[in-house]
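Novice: Let me give you the structure first, and then I'll get to my questions.
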Amino acid sequence: MQLALLIGILLSLLLVLCAASPASQQEASGAPATSPEAIPPEVKRLDAWVGTWDAEVTMMGQTTKGSETCRMECGGYWLVTEHTGSFMGMPFQGKGFTGWDATKGAYAGTWIDSSGSPMSVFANGQFSKDGKQFTALVDGLDMEGKPARFEYLSTFPDAKSRSFEIFQLQGGKKELQMRIRYTKRG
């Protein structure tokens with residue numbers, strides 16, 4: 001858990017630095033910060049998320065609607081995800097950051113939201129060879145507040161739809177905790 005906290009702090013610091021960087025200021029002005037040729041192919045795979053999406057969230061026997069906007073920032077190297085909706089009758093907001101860690105050969109990311117749950121951090125994300133699935137393992141807390149391991153699974157059947165599922169991994173079993181189905185706008 002201490003490693004996850006350290007990674008989360010480092011990712012947060014990186015994002016603060018990116019927001020203040022000249023490249024970020026160029027992006028805000030509409031000018032490209034990095035030439036597309038300079039972006040590694042692993043980073044370009046994150047484009048599967050980019051866009052504005054309608055979301056149908058199913059969790060704890062409840063289905064709600066929301067929306068998610070995903071864009072590349074920090075010179076085109078980091079995926080920023082912003083989700084809004086409602087849960088249990090209350091407004092919900094979440095934000096995620098995902099990028100490629102070339103030193104580890106894996107994707108790293110963090111997620112924070114208004115539910116009050118601890119920050120989720122992963123440093124082991126991978127795409128399937130065909131690019132249609134993305135998986136990451138996350139150590140966190142279960143619904144009772146006990147340490148648990150989760151699998152995040154994003155599936156990209158086509159350019160206009162995707163899904164995100166969270167599974168709790170325990171005793172050789174994989175139990176679905178949440179599912180979000182997305183439809184791309186436009």
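Chain labels A, B, ... are given in the sequence in which chains occur in the structure tokens; within each chain residues are numbered consecutively from 1, and ligands are likewise numbered from 1 in the order shown.
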List the spatial neighbours of Met72 (chain A) as a PDB file with C-alpha atoms, in the first residue's frame - criterion: any atom at most 9 Å away, only C-alpha atoms, same-chain residues fewer than 3 positions off excluded.

Specialist:
ATOM      1  CA  LEU A  46      -4.730   5.631 -25.138  1.00  0.00           C
ATOM      2  CA  ASP A  47      -6.585   7.424 -27.961  1.00  0.00           C
ATOM      3  CA  VAL A  50     -10.542  10.050 -26.262  1.00  0.00           C
ATOM      4  CA  GLY A  75       2.075  17.253 -24.508  1.00  0.00           C
ATOM      5  CA  GLY A  76      -0.171  14.388 -25.602  1.00  0.00           C
ATOM      6  CA  TYR A  77       1.368  11.902 -23.144  1.00  0.00           C
ATOM      7  CA  TRP A  78      -1.349  11.638 -20.463  1.00  0.00           C
ATOM      8  CA  LEU A  79      -4.991  10.606 -20.740  1.00  0.00           C
ATOM      9  CA  VAL A  80      -7.223  12.744 -18.500  1.00  0.00           C
ATOM     10  CA  THR A  81     -10.668  11.303 -17.753  1.00  0.00           C
TER      11      THR A  81
END

Novice: Residues of chain A classed as helix (DSSP H, G or I) by DSSP on the backbone are to be reported as a ChimeraX atom specification.

Specialist: /A:2-20,22-29,36-38,41-49

Novice: With distances taken over only C-alpha atoms, which of A:Val121, A:Leu169, A:Ile39, A:Ala102 is nearest to Asp142 (chain A)?

Specialist: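 Nearest to Asp142 (chain A): A:Leu169.
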
Novice: Pick out the residues sitting within 12 Å of Lys129 (chain A), and hand them over as JSON, numbers by chain; count only C-alpha atoms, and ignore anything fewer than 4 positions along from it in its own chain.

Specialist: {"A": [42, 45, 133, 134, 135]}

Novice: Using only C-alpha atoms, determine which residues lie at most 9 Å from Thr155 (chain A), disregarding the query and same-chain residues fewer than 4 positions distant; provide the list as a PDB file with N, CA, C and O atoms, in the first residue's frame.

Specialist:
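out10.pdb, written as the output of this step:
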ATOM      1  N   GLY A 131      -5.442  -4.946 -28.948  1.00  0.00           N
ATOM      2  CA  GLY A 131      -5.813  -3.600 -28.521  1.00  0.00           C
ATOM      3  C   GLY A 131      -7.267  -3.445 -28.101  1.00  0.00           C
ATOM      4  O   GLY A 131      -7.720  -2.346 -27.820  1.00  0.00           O
ATOM      5  N   LYS A 132      -8.010  -4.539 -28.007  1.00  0.00           N
ATOM      6  CA  LYS A 132      -9.439  -4.447 -27.685  1.00  0.00           C
ATOM      7  C   LYS A 132      -9.731  -4.564 -26.193  1.00  0.00           C
ATOM      8  O   LYS A 132     -10.869  -4.382 -25.772  1.00  0.00           O
ATOM      9  N   GLN A 133      -8.705  -4.872 -25.383  1.00  0.00           N
ATOM     10  CA  GLN A 133      -8.902  -4.941 -23.941  1.00  0.00           C
ATOM     11  C   GLN A 133      -7.720  -4.293 -23.228  1.00  0.00           C
ATOM     12  O   GLN A 133      -6.577  -4.395 -23.670  1.00  0.00           O
ATOM     13  N   PHE A 134      -8.022  -3.658 -22.111  1.00  0.00           N
ATOM     14  CA  PHE A 134      -7.012  -3.066 -21.239  1.00  0.00           C
ATOM     15  C   PHE A 134      -7.281  -3.582 -19.837  1.00  0.00           C
ATOM     16  O   PHE A 134      -8.417  -3.518 -19.352  1.00  0.00           O
ATOM     17  N   THR A 135      -6.248  -4.108 -19.185  1.00  0.00           N
ATOM     18  CA  THR A 135      -6.401  -4.679 -17.852  1.00  0.00           C
ATOM     19  C   THR A 135      -5.361  -4.089 -16.904  1.00  0.00           C
ATOM     20  O   THR A 135      -4.208  -3.883 -17.289  1.00  0.00           O
ATOM     21  N   SER A 161     -18.205   2.355 -29.000  1.00  0.00           N
ATOM     22  CA  SER A 161     -18.648   1.777 -27.734  1.00  0.00           C
ATOM     23  C   SER A 161     -17.455   1.192 -26.976  1.00  0.00           C
ATOM     24  O   SER A 161     -16.464   0.805 -27.570  1.00  0.00           O
ATOM     25  N   ARG A 162     -17.617   1.188 -25.666  1.00  0.00           N
ATOM     26  CA  ARG A 162     -16.622   0.571 -24.794  1.00  0.00           C
ATOM     27  C   ARG A 162     -17.287   0.230 -23.476  1.00  0.00           C
ATOM     28  O   ARG A 162     -18.402   0.680 -23.187  1.00  0.00           O
ATOM     29  N   SER A 163     -16.609  -0.576 -22.677  1.00  0.00           N
ATOM     30  CA  SER A 163     -17.121  -0.887 -21.345  1.00  0.00           C
ATOM     31  C   SER A 163     -15.966  -0.874 -20.363  1.00  0.00           C
ATOM     32  O   SER A 163     -14.800  -1.000 -20.733  1.00  0.00           O
ATOM     33  N   PHE A 164     -16.315  -0.687 -19.090  1.00  0.00           N
ATOM     34  CA  PHE A 164     -15.350  -0.723 -17.999  1.00  0.00           C
ATOM     35  C   PHE A 164     -15.960  -1.562 -16.899  1.00  0.00           C
ATOM     36  O   PHE A 164     -17.118  -1.343 -16.504  1.00  0.00           O
ATOM     37  N   GLU A 165     -15.205  -2.545 -16.407  1.00  0.00           N
ATOM     38  CA  GLU A 165     -15.686  -3.401 -15.332  1.00  0.00           C
ATOM     39  C   GLU A 165     -14.637  -3.465 -14.227  1.00  0.00           C
ATOM     40  O   GLU A 165     -13.439  -3.459 -14.505  1.00  0.00           O
TER      41      GLU A 165
END

Novice: Find the residue from A:Ser86, A:Thr110, A:Thr103, A:Thr69 that sits nearest to Glu56 (chain A); use only C-alpha atoms when measuring.

Specialist: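 Smallest distance to Glu56 (chain A) is found for A:Ser86.
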
Novice: Which is closer to Phe167 (chain A) than all the others in A:Asp139, A:Glu68, A:Asp54, A:Glu82, using only C-alpha atoms?

Specialist: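 That would be A:Asp139, the residue with the smallest distance to Phe167 (chain A).
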